[in-house]
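Colleague: What follows is structure_4.cif, made up of mmCIF, C-alpha atoms:
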data_input
#
loop_
_atom_site.label_atom_id
_atom_site.label_comp_id
_atom_site.auth_asym_id
_atom_site.auth_seq_id
_atom_site.Cartn_x
_atom_site.Cartn_y
_atom_site.Cartn_z
CA MET A 23 16.70 32.01 -24.43
CA ARG A 24 17.19 30.87 -20.88
CA THR A 25 18.78 33.65 -18.84
CA ILE A 26 20.64 32.86 -15.61
CA ALA A 27 21.67 35.70 -13.30
CA VAL A 28 24.60 34.92 -11.00
CA ALA A 29 23.79 37.28 -8.18
CA ASN A 30 24.68 38.15 -4.60
CA GLN A 31 25.16 41.66 -3.26
CA LYS A 32 28.03 40.44 -1.07
CA GLY A 33 31.41 40.79 -2.75
CA GLY A 34 34.02 38.06 -2.78
CA CYS A 35 31.58 35.14 -2.87
CA GLY A 36 32.65 33.77 -6.25
CA LYS A 37 30.09 35.37 -8.60
CA THR A 38 32.52 36.10 -11.43
CA THR A 39 34.35 32.79 -11.01
CA THR A 40 31.00 31.02 -11.22
CA ALA A 41 29.72 33.06 -14.16
CA VAL A 42 32.90 32.49 -16.19
CA ASN A 43 33.26 28.79 -15.50
CA LEU A 44 29.56 27.95 -15.57
CA SER A 45 29.16 29.62 -18.96
CA ALA A 46 32.17 27.66 -20.26
CA GLY A 47 30.73 24.42 -18.88
CA LEU A 48 27.33 25.05 -20.45
CA ALA A 49 28.97 25.82 -23.81
CA MET A 50 30.97 22.59 -23.64
CA LEU A 51 27.68 20.73 -23.27
CA GLY A 52 26.73 21.96 -26.75
CA ASN A 53 24.77 25.10 -25.85
CA ARG A 54 25.14 28.47 -27.55
CA VAL A 55 26.03 30.67 -24.59
CA LEU A 56 26.33 34.42 -24.06
CA LEU A 57 28.19 35.60 -20.95
CA LEU A 58 27.01 39.11 -20.11
CA ASP A 59 29.41 41.13 -17.95
CA LEU A 60 27.19 43.42 -15.86
CA ASP A 61 29.78 44.32 -13.21
CA PRO A 62 31.64 47.65 -13.64
CA GLN A 63 34.80 45.90 -12.45
CA ALA A 64 34.70 43.96 -15.76
CA HIS A 65 36.25 40.81 -14.30
CA SER A 66 34.30 38.47 -16.58
CA THR A 67 35.69 40.38 -19.54
CA LEU A 68 39.20 40.00 -18.14
CA GLY A 69 38.50 36.36 -17.32
CA PHE A 70 38.49 35.50 -21.01
CA GLY A 71 41.55 37.55 -21.87
CA HIS A 72 39.89 40.71 -23.18
CA ASP A 73 41.11 44.17 -22.18
CA PRO A 74 38.07 46.17 -20.99
CA ASN A 75 39.74 49.47 -21.89
CA ALA A 76 40.42 48.34 -25.45
CA MET A 77 36.76 47.64 -26.29
CA ASP A 78 35.21 49.85 -28.94
CA LYS A 79 31.66 49.18 -27.72
CA THR A 80 30.55 47.56 -24.47
CA VAL A 81 27.43 46.68 -22.51
CA TYR A 82 27.39 50.28 -21.30
CA ASP A 83 26.76 51.50 -24.87
CA VAL A 84 24.01 48.94 -25.33
CA LEU A 85 22.19 49.97 -22.17
CA THR A 86 22.46 53.71 -22.74
CA ASN A 87 21.77 53.77 -26.49
CA VAL A 88 18.87 51.74 -27.86
CA GLN A 89 20.30 52.14 -31.35
CA ILE A 90 23.24 49.87 -30.50
CA PRO A 91 22.20 46.18 -30.49
CA MET A 92 23.74 43.63 -28.14
CA SER A 93 25.00 41.64 -31.12
CA ARG A 94 27.31 44.52 -32.05
CA VAL A 95 29.37 44.35 -28.85
CA VAL A 96 29.83 40.59 -28.32
CA VAL A 97 33.30 39.10 -28.68
CA SER A 98 34.43 35.49 -29.03
CA THR A 99 36.32 33.31 -26.56
CA ASN A 100 38.56 30.27 -26.73
CA VAL A 101 35.55 28.09 -25.87
CA SER A 102 33.49 27.01 -28.87
CA GLY A 103 29.92 28.28 -28.69
CA LEU A 104 30.65 30.89 -26.00
CA ASN A 105 30.64 34.65 -26.59
CA VAL A 106 31.12 37.49 -24.10
CA ALA A 107 29.33 40.84 -23.96
CA PRO A 108 32.23 42.87 -22.50
CA ASN A 109 32.20 45.71 -20.06
CA ASN A 110 34.37 48.41 -18.51
CA ILE A 111 34.33 51.04 -15.78
CA LEU A 112 31.95 53.27 -17.79
CA LEU A 113 29.10 51.07 -16.58
CA SER A 114 29.51 52.54 -13.11
CA GLY A 115 27.72 55.66 -14.40
CA PHE A 116 24.78 53.69 -15.75
CA GLU A 117 22.49 54.22 -12.78
CA LEU A 118 22.82 58.00 -12.74
CA GLU A 119 21.95 58.19 -16.42
CA LEU A 120 18.93 55.89 -16.25
CA ALA A 121 17.54 56.91 -12.86
CA PRO A 122 15.19 59.58 -14.31
CA LEU A 123 13.84 57.30 -17.05
CA GLN A 124 10.51 55.54 -16.92
CA ASP A 125 10.59 51.71 -17.05
CA ARG A 126 14.34 51.80 -16.40
CA GLU A 127 14.12 48.30 -14.90
CA TYR A 128 13.41 46.82 -18.35
CA VAL A 129 16.31 48.28 -20.34
CA LEU A 130 18.43 45.11 -20.27
CA SER A 131 15.43 42.87 -20.86
CA ARG A 132 14.56 44.67 -24.09
CA GLN A 133 18.12 44.47 -25.39
CA LEU A 134 18.41 40.77 -24.62
CA ASP A 135 15.17 40.11 -26.52
CA CYS A 136 17.02 41.18 -29.67
CA VAL A 137 19.55 38.32 -29.35
CA SER A 138 17.27 35.70 -27.82
CA ASN A 139 17.26 33.67 -31.06
CA ASN A 140 21.07 33.66 -31.28
CA TYR A 141 21.74 31.86 -27.99
CA ASP A 142 20.33 29.02 -25.92
CA ILE A 143 21.53 30.40 -22.59
CA CYS A 144 22.66 33.79 -21.30
CA VAL A 145 24.66 33.93 -18.06
CA ILE A 146 24.77 37.34 -16.35
CA ASP A 147 27.60 38.24 -14.00
CA CYS A 148 25.92 40.76 -11.67
CA SER A 149 27.54 43.57 -9.73
CA PRO A 150 28.11 43.10 -5.96
CA SER A 151 25.22 45.31 -4.86
CA LEU A 152 21.44 45.49 -4.91
CA SER A 153 21.58 48.23 -7.53
CA LEU A 154 19.69 49.21 -10.65
CA LEU A 155 22.12 47.01 -12.59
CA THR A 156 21.25 43.97 -10.50
CA LEU A 157 17.56 44.83 -10.71
CA ASN A 158 17.80 44.92 -14.51
CA ALA A 159 19.50 41.53 -14.47
CA LEU A 160 16.79 39.97 -12.29
CA VAL A 161 13.98 41.45 -14.38
CA ALA A 162 15.59 40.06 -17.55
CA SER A 163 16.30 36.59 -16.14
CA THR A 164 14.44 33.33 -15.95
CA ASP A 165 16.66 31.90 -13.20
CA VAL A 166 18.99 33.00 -10.42
CA VAL A 167 22.07 31.18 -9.16
CA ILE A 168 23.25 32.50 -5.78
CA PRO A 169 26.90 31.81 -4.90
CA VAL A 170 27.37 31.82 -1.12
CA GLN A 171 30.71 31.62 0.63
CA THR A 172 30.65 29.20 3.55
CA HIS A 173 31.05 31.93 6.18
CA TYR A 174 28.47 33.21 8.65
CA TYR A 175 28.46 36.74 7.23
CA ALA A 176 27.30 35.30 3.91
CA LEU A 177 24.04 34.06 5.44
CA GLU A 178 22.80 37.57 6.25
CA GLY A 179 23.51 38.72 2.70
CA LEU A 180 21.58 35.77 1.35
CA ARG A 181 18.52 36.74 3.36
CA GLN A 182 18.55 40.25 1.90
CA LEU A 183 18.95 38.96 -1.64
CA LEU A 184 16.04 36.54 -1.29
CA GLU A 185 13.85 39.41 -0.10
CA THR A 186 14.86 41.41 -3.18
CA ILE A 187 14.05 38.49 -5.46
CA GLU A 188 10.59 38.23 -3.91
CA ILE A 189 9.98 41.91 -4.66
CA VAL A 190 11.12 41.43 -8.26
CA GLN A 191 8.80 38.44 -8.63
CA GLU A 192 5.85 40.43 -7.30
CA ARG A 193 6.40 43.64 -9.26
CA PHE A 194 8.39 42.91 -12.41
CA ASN A 195 9.01 39.26 -13.26
CA GLN A 196 6.68 36.63 -11.89
CA ASP A 197 8.45 33.89 -13.86
CA LEU A 198 11.78 34.45 -12.10
CA LYS A 199 12.85 31.53 -9.92
CA VAL A 200 15.81 30.74 -7.73
CA LEU A 201 17.62 27.93 -9.48
CA GLY A 202 19.78 27.19 -6.48
CA VAL A 203 22.26 28.29 -3.85
CA LEU A 204 25.85 27.40 -4.72
CA LEU A 205 28.29 26.89 -1.84
CA THR A 206 31.68 28.35 -2.77
CA PHE A 207 35.15 28.60 -1.21
CA VAL A 208 34.40 25.38 0.63
CA GLU A 209 37.19 24.11 2.88
CA SER A 210 36.33 20.62 4.04
CA ARG A 211 39.02 20.61 6.72
CA THR A 212 37.57 23.51 8.72
CA THR A 213 34.78 23.06 11.24
CA LEU A 214 33.26 26.43 10.35
CA SER A 215 32.88 25.53 6.69
CA ARG A 216 31.25 22.21 7.58
CA GLN A 217 28.88 23.90 10.04
CA VAL A 218 27.74 26.47 7.46
CA GLN A 219 27.22 23.73 4.88
CA ARG A 220 25.09 21.77 7.32
CA GLN A 221 23.02 24.80 8.29
CA MET A 222 22.44 25.77 4.66
CA ARG A 223 21.27 22.29 3.72
CA GLU A 224 19.07 21.98 6.81
CA PHE A 225 17.40 25.35 6.21
CA PHE A 226 17.19 25.52 2.39
CA GLY A 227 17.00 21.79 1.63
CA ASP A 228 16.90 20.97 -2.09
CA LEU A 229 17.48 24.62 -2.98
CA VAL A 230 21.19 24.08 -2.27
CA PHE A 231 23.03 22.55 -5.23
CA ASP A 232 24.48 19.10 -4.68
CA THR A 233 27.66 20.39 -6.28
CA VAL A 234 29.90 22.60 -4.16
CA ILE A 235 32.96 24.57 -5.23
CA HIS A 236 36.10 24.08 -3.16
CA ARG A 237 38.80 26.68 -2.72
CA THR A 238 41.69 25.68 -5.00
CA VAL A 239 44.83 27.29 -6.35
CA ARG A 240 43.96 26.46 -9.97
CA LEU A 241 40.69 28.41 -9.78
CA ALA A 242 42.64 31.44 -8.58
CA GLU A 243 45.25 31.06 -11.33
CA ALA A 244 42.92 30.68 -14.32
CA PRO A 245 41.86 34.37 -14.66
CA SER A 246 45.50 35.49 -14.96
CA ALA A 247 45.76 33.26 -18.03
CA GLY A 248 42.57 34.72 -19.53
CA GLU A 249 40.85 31.34 -19.49
CA SER A 250 38.16 29.43 -17.68
CA ILE A 251 39.24 26.63 -15.39
CA LEU A 252 37.81 24.13 -17.89
CA THR A 253 40.46 25.01 -20.48
CA TYR A 254 43.23 26.18 -18.14
CA ALA A 255 43.28 23.03 -15.99
CA PRO A 256 40.62 20.65 -17.35
CA LYS A 257 41.53 17.82 -14.98
CA SER A 258 41.63 19.94 -11.84
CA LYS A 259 39.15 19.71 -8.99
CA GLY A 260 37.68 23.10 -9.91
CA ALA A 261 37.06 22.04 -13.51
CA ILE A 262 35.37 18.82 -12.41
CA GLU A 263 33.11 20.69 -10.01
CA TYR A 264 32.04 23.34 -12.52
CA LYS A 265 31.34 20.65 -15.12
CA ALA A 266 29.18 18.94 -12.53
CA LEU A 267 27.37 22.22 -11.81
CA ALA A 268 26.64 22.76 -15.50
CA LEU A 269 25.24 19.24 -15.76
CA GLU A 270 23.16 19.72 -12.61
CA ILE A 271 21.67 22.94 -13.98
CA MET A 272 20.85 21.20 -17.24
CA GLY A 273 19.14 18.45 -15.26
CA GLN A 274 21.81 15.83 -15.90
CA LYS A 275 23.14 14.67 -12.56
CA THR A 276 26.31 12.61 -12.77
CA GLU A 277 28.70 10.74 -10.55
CA ALA A 278 30.91 13.82 -10.71
CA ALA A 279 28.30 15.83 -8.83
CA SER A 280 27.86 13.18 -6.15
CA THR A 281 31.60 13.05 -5.53
CA CYS A 282 31.85 16.81 -5.11
CA THR A 283 29.92 16.83 -1.85
CA PRO A 284 28.03 14.49 0.45
CA GLN A 285 24.28 14.97 0.16
CA GLY A 286 21.27 15.29 2.42
CA GLU A 287 21.25 13.35 5.66
CA ASP A 288 24.49 11.64 4.77
CA ALA A 289 26.15 15.06 4.73
CA VAL A 290 24.86 15.92 8.18
CA GLU A 291 25.89 12.55 9.54
CA GLN A 292 29.39 12.80 8.09
CA ILE A 293 29.77 16.34 9.41
CA ASP A 294 28.67 15.21 12.87
CA GLN A 295 31.14 12.33 12.76
CA SER A 296 33.91 14.70 11.66
CA GLU A 297 33.10 17.13 14.44
CA GLY A 298 33.03 14.28 16.95
CA ALA A 299 36.40 13.13 15.72
CA ALA A 300 37.72 16.69 15.99
CA GLU A 301 36.48 16.87 19.59
CA ARG A 302 38.14 13.56 20.42
CA ILE A 303 41.36 14.75 18.83
CA GLY A 304 41.14 17.93 20.87
CA GLU A 305 40.64 15.89 24.05
CA SER A 306 43.57 13.66 23.15
CA GLU A 307 45.78 16.67 22.56
CA ALA A 308 44.76 18.03 25.95
CA VAL A 309 45.71 14.74 27.60
CA VAL A 310 49.07 14.71 25.81
CA ALA A 311 49.71 18.29 26.91
CA LYS A 312 48.81 17.39 30.52
CA VAL A 313 51.14 14.39 30.47
CA ALA A 314 53.94 16.53 29.05
CA GLN A 315 53.35 19.13 31.77
CA ASP A 316 53.43 16.46 34.47
CA GLU A 317 56.66 15.04 33.07
CA ASP A 318 58.20 18.51 33.17
CA SER A 319 57.11 18.88 36.79
CA VAL A 320 58.64 15.53 37.75
CA GLU A 321 61.87 16.48 36.00
CA GLU A 322 62.01 19.80 37.88
CA ILE A 323 61.44 18.00 41.23
CA ASN A 324 64.23 15.48 40.44
CA ASN A 325 66.57 18.32 39.50
CA GLY A 326 65.76 20.08 42.80
CA GLN A 327 66.47 16.95 44.82
CA THR A 328 69.77 16.49 43.03
#
What would you get if you wrote out this structure as structure tokens?

Modeller:
Amino acid sequence: MRTIAVANQKGGCGKTTTAVNLSAGLAMLGNRVLLLDLDPQAHSTLGFGHDPNAMDKTVYDVLTNVQIPMSRVVVSTNVSGLNVAPNNILLSGFELELAPLQDREYVLSRQLDCVSNNYDICVIDCSPSLSLLTLNALVASTDVVIPVQTHYYALEGLRQLLETIEIVQERFNQDLKVLGVLLTFVESRTTLSRQVQRQMREFFGDLVFDTVIHRTVRLAEAPSAGESILTYAPKSKGAIEYKALALEIMGQKTEAASTCTPQGEDAVEQIDQSEGAAERIGESEAVVAKVAQDEDSVEEINNGQT
């Protein structure tokens, strides 16, 4: 079973949105997918319409009791081929309970081994911290997808996460690899967003996914309906982009991916052109303002003469 951790210790970067919609996209491609909610906030559980407080057994029970298999807690979704391992606030006490145990980093890995024949792909929605939960996810995974918001603060968090991944590779899981950095909350109209995109692609190169996820209203609405964007608004921009991401991860690049974002040098060139245009617009606005000011001055002089 291929296991993909969606991780970043910075909150608000789109981890849960990516985990929910990526898992739905992968399932729609014909894969048997398990979405594992490993965040005590349980937003992935809510994202598919399940009440975390109404669950009889959750991931917390699986991690703290080896007698409870993962298969016992999974629930279905409205997407064929996609199941969710739900979660609730009880998971917040997981670290205190496991801290004294030996080999505590491998607890999740052992439990996922028990269901590895039932699914093709497992997507893990990690908690927004470099905690024992996140460490368990990285040790159990084959790949990492790192959602990064196109803001400058996000770059520092990315550096810390990459250092953590290197440590995990050295000590616990040498097969772990970074599948890619996913740019989220992209706003093409803002200079800051374009600058961060350019810097990320210049520095990380091919490690940055061709597909980017733009900030849209539909993506924000979908969780309130208990659905992924692919079923809530299948023709929306968000749905198209997450379908493209799923295809890119499966190694099937499409025209959809290429229309989501400019690539490589073309991206840099287009950003430069946009910034140049913005500067020219700014200069033009300054000229207009100066002309308007001069006209006001002339009018005041004429009024004084009168």

Colleague: Which residues are close to Gln89 in chain A, i.e. within 12 Å by all atoms listed in the file, leaving aside same-chain residues fewer than 4 positions away? Reply as a PyMOL selection string.

Modeller: chain A and resi 83-85+93-94+132-133+136

Colleague: Can you build me a table of range 65-128 of chain A residues sitting at most 12 Å from range 191-211 of chain A, with the closest atom pair per residue and its distance in Å to one decimal, using all atoms listed in the file, sorted by chain and residue number, as CSV?

Modeller:
residue,atom,partner,partner_atom,distance
A:Asp125,CA,A:Phe194,CA,10.2
A:Arg126,CA,A:Phe194,CA,11.4
A:Glu127,CA,A:Phe194,CA,8.3
A:Tyr128,CA,A:Phe194,CA,8.7

Colleague: Could you pull the residues within 9 Å of Thr253 in chain A, counting only C-alpha atoms, minus those fewer than 3 positions along the same chain, as a PDB file with C-alpha atoms, in the coordinates of the input?

Modeller:
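selection03.pdb written:
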ATOM      1  CA  ALA A  46      32.170  27.660 -20.260  1.00  0.00           C
ATOM      2  CA  ASN A 100      38.560  30.270 -26.730  1.00  0.00           C
ATOM      3  CA  VAL A 101      35.550  28.090 -25.870  1.00  0.00           C
ATOM      4  CA  ALA A 244      42.920  30.680 -14.320  1.00  0.00           C
ATOM      5  CA  GLU A 249      40.850  31.340 -19.490  1.00  0.00           C
ATOM      6  CA  SER A 250      38.160  29.430 -17.680  1.00  0.00           C
ATOM      7  CA  PRO A 256      40.620  20.650 -17.350  1.00  0.00           C
ATOM      8  CA  ALA A 261      37.060  22.040 -13.510  1.00  0.00           C
TER       9      ALA A 261
END

Colleague: When you draw a straight line from CA of Asn30 in chain A to CA of Asn140 in chain A, how long is it in Å?

Modeller: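 It comes out at 27.3 Å.
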
Colleague: Please measure the separation of CA of Pro108 in chain A and CA of Gly273 in chain A, giving the value in Å to one decimal.

Modeller: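 Pair CA of Pro108 in chain A / CA of Gly273 in chain A returns 28.6 Å.
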
Colleague: Around all the atoms of range 198-209 of chain A listed in the file, draw an axis-aligned box and extend it by 3 Å on each of the six sides; I want its centre and edge lengths in Å to one decimal, as JSON.

Modeller:
{"center_x": 24.5, "center_y": 29.3, "center_z": -4.6, "size_x": 31.4, "size_y": 16.3, "size_z": 21.0}

Colleague: Identify all residues satisfying the PyMOL selection byres ((chain A and resi 159) around 9) in the given file; provide them as a list in words.

Modeller: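 After applying the PyMOL selection byres ((chain A and resi 159) around 9), what remains is Ile26, Ala27, Ala29, Leu60, Glu127, Tyr128, Leu130, Ser131, Ile146, Asp147, Cys148, Leu154, Leu155, Thr156, Leu157, Asn158, Leu160, Val161, Ala162 and Ser163 of chain A.
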
Colleague: Got time to write the residues from that selection, C-alpha atoms, as a PDB file, keeping the file's coordinate frame?

Modeller:
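Result saved to selection_25.pdb:
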ATOM      1  CA  ILE A  26      20.640  32.860 -15.610  1.00  0.00           C
ATOM      2  CA  ALA A  27      21.670  35.700 -13.300  1.00  0.00           C
ATOM      3  CA  ALA A  29      23.790  37.280  -8.180  1.00  0.00           C
ATOM      4  CA  LEU A  60      27.190  43.420 -15.860  1.00  0.00           C
ATOM      5  CA  GLU A 127      14.120  48.300 -14.900  1.00  0.00           C
ATOM      6  CA  TYR A 128      13.410  46.820 -18.350  1.00  0.00           C
ATOM      7  CA  LEU A 130      18.430  45.110 -20.270  1.00  0.00           C
ATOM      8  CA  SER A 131      15.430  42.870 -20.860  1.00  0.00           C
ATOM      9  CA  ILE A 146      24.770  37.340 -16.350  1.00  0.00           C
ATOM     10  CA  ASP A 147      27.600  38.240 -14.000  1.00  0.00           C
ATOM     11  CA  CYS A 148      25.920  40.760 -11.670  1.00  0.00           C
ATOM     12  CA  LEU A 154      19.690  49.210 -10.650  1.00  0.00           C
ATOM     13  CA  LEU A 155      22.120  47.010 -12.590  1.00  0.00           C
ATOM     14  CA  THR A 156      21.250  43.970 -10.500  1.00  0.00           C
ATOM     15  CA  LEU A 157      17.560  44.830 -10.710  1.00  0.00           C
ATOM     16  CA  ASN A 158      17.800  44.920 -14.510  1.00  0.00           C
ATOM     17  CA  LEU A 160      16.790  39.970 -12.290  1.00  0.00           C
ATOM     18  CA  VAL A 161      13.980  41.450 -14.380  1.00  0.00           C
ATOM     19  CA  ALA A 162      15.590  40.060 -17.550  1.00  0.00           C
ATOM     20  CA  SER A 163      16.300  36.590 -16.140  1.00  0.00           C
TER      21      SER A 163
END

Colleague: So what does the PyMOL selection byres ((chain A and resi 220-231) around 7) actually pick up in this one, as a PyMOL selection string?

Modeller: chain A and resi 202-204+216-219+232-234+290

Colleague: Kindly save the residues from that selection, with C-alpha atoms included, as a PDB file, keeping the file's coordinate frame.

Modeller:
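Saved file selection14.pdb follows:
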ATOM      1  CA  GLY A 202      19.780  27.190  -6.480  1.00  0.00           C
ATOM      2  CA  VAL A 203      22.260  28.290  -3.850  1.00  0.00           C
ATOM      3  CA  LEU A 204      25.850  27.400  -4.720  1.00  0.00           C
ATOM      4  CA  ARG A 216      31.250  22.210   7.580  1.00  0.00           C
ATOM      5  CA  GLN A 217      28.880  23.900  10.040  1.00  0.00           C
ATOM      6  CA  VAL A 218      27.740  26.470   7.460  1.00  0.00           C
ATOM      7  CA  GLN A 219      27.220  23.730   4.880  1.00  0.00           C
ATOM      8  CA  ASP A 232      24.480  19.100  -4.680  1.00  0.00           C
ATOM      9  CA  THR A 233      27.660  20.390  -6.280  1.00  0.00           C
ATOM     10  CA  VAL A 234      29.900  22.600  -4.160  1.00  0.00           C
ATOM     11  CA  VAL A 290      24.860  15.920   8.180  1.00  0.00           C
TER      12      VAL A 290
END

Colleague: Show me, as a list in words, the residues that have an atom within 9 Å of Asn75 in chain A when counting all atoms listed in the file, minus same-chain residues fewer than 5 positions from it.

Modeller: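 Surrounding residues, per the criterion: Asn109, Asn110 and Ile111 of chain A.
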
Colleague: Let me see the file: selected residues, C-alpha atoms, as an mmCIF file, in the frame of the given file.

Modeller:
data_model
loop_
_atom_site.group_PDB
_atom_site.id
_atom_site.type_symbol
_atom_site.label_atom_id
_atom_site.label_comp_id
_atom_site.auth_asym_id
_atom_site.auth_seq_id
_atom_site.Cartn_x
_atom_site.Cartn_y
_atom_site.Cartn_z
ATOM 1 C CA ASN A 109 32.200 45.710 -20.060
ATOM 2 C CA ASN A 110 34.370 48.410 -18.510
ATOM 3 C CA ILE A 111 34.330 51.040 -15.780
#

Colleague: To one decimal place in Å, what is the distance between CA of Glu243 in chain A and CA of Asp61 in chain A?

Modeller: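 Taking CA of Glu243 in chain A as the start and CA of Asp61 in chain A as the end point, the length is 20.5 Å.
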
Colleague: For Leu134 in chain A, work out the shell of residues within 9 Å, counting only C-alpha atoms and skipping chain neighbours fewer than 4 positions away, then give it as a list of chain:residue names.

Modeller: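 Answer for this query is A:Met23, A:Pro91, A:Met92, A:Val129, A:Leu130, A:Ser138, A:Cys144, A:Ala162.
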
Colleague: Smallest atom-to-atom distance to Asp142 in chain A: which of A:Met272, A:Leu112, A:Val88, A:Ala41, using all atoms listed in the file?

Modeller: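 Nearest candidate to Asp142 in chain A out of A:Met272, A:Leu112, A:Val88, A:Ala41: A:Met272.
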
Colleague: List, as a ChimeraX atom specification, every residue that the PyMOL selection byres ((chain A and resi 239) around 12) selects in the file provided.

Modeller: /A:207,236-238,240-246,251,254-255,258-261

Colleague: Could you check the closest approach to Gly47 in chain A for each of A:Leu252, A:Val95, A:Thr164, A:Ser102 and tell me which residue wins, using all atoms listed in the file?

Modeller: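 Distance minimum relative to Gly47 in chain A lands on A:Leu252.
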
Colleague: When you count all atoms listed in the file, which of these residues is closest to Ile168 in chain A: A:Ser45, A:Gln31, A:Thr25, A:Thr80?

Modeller: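 Result for the nearest residue to Ile168 in chain A: A:Gln31.
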
Colleague: Which residues come within 8 Å of Leu267 in chain A, counting only C-alpha atoms, excluding same-chain residues fewer than 3 positions away, as a ChimeraX atom specification?

Modeller: /A:44,231,233,263-264,270-271,279

Colleague: Please produce a file of those selected residues containing C-alpha atoms, as a PDB file, in the coordinates of the input.

Modeller:
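Here's the written file part.pdb:
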ATOM      1  CA  LEU A  44      29.560  27.950 -15.570  1.00  0.00           C
ATOM      2  CA  PHE A 231      23.030  22.550  -5.230  1.00  0.00           C
ATOM      3  CA  THR A 233      27.660  20.390  -6.280  1.00  0.00           C
ATOM      4  CA  GLU A 263      33.110  20.690 -10.010  1.00  0.00           C
ATOM      5  CA  TYR A 264      32.040  23.340 -12.520  1.00  0.00           C
ATOM      6  CA  GLU A 270      23.160  19.720 -12.610  1.00  0.00           C
ATOM      7  CA  ILE A 271      21.670  22.940 -13.980  1.00  0.00           C
ATOM      8  CA  ALA A 279      28.300  15.830  -8.830  1.00  0.00           C
TER       9      ALA A 279
END

Colleague: Rank A:Ser98, A:Thr212, A:Asn53, A:Ser149 by their smallest atom-to-atom distance to His173 in chain A, using all atoms listed in the file, and report the top residue only.

Modeller: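 Using all atoms listed in the file, the shortest distance to His173 in chain A belongs to A:Thr212.
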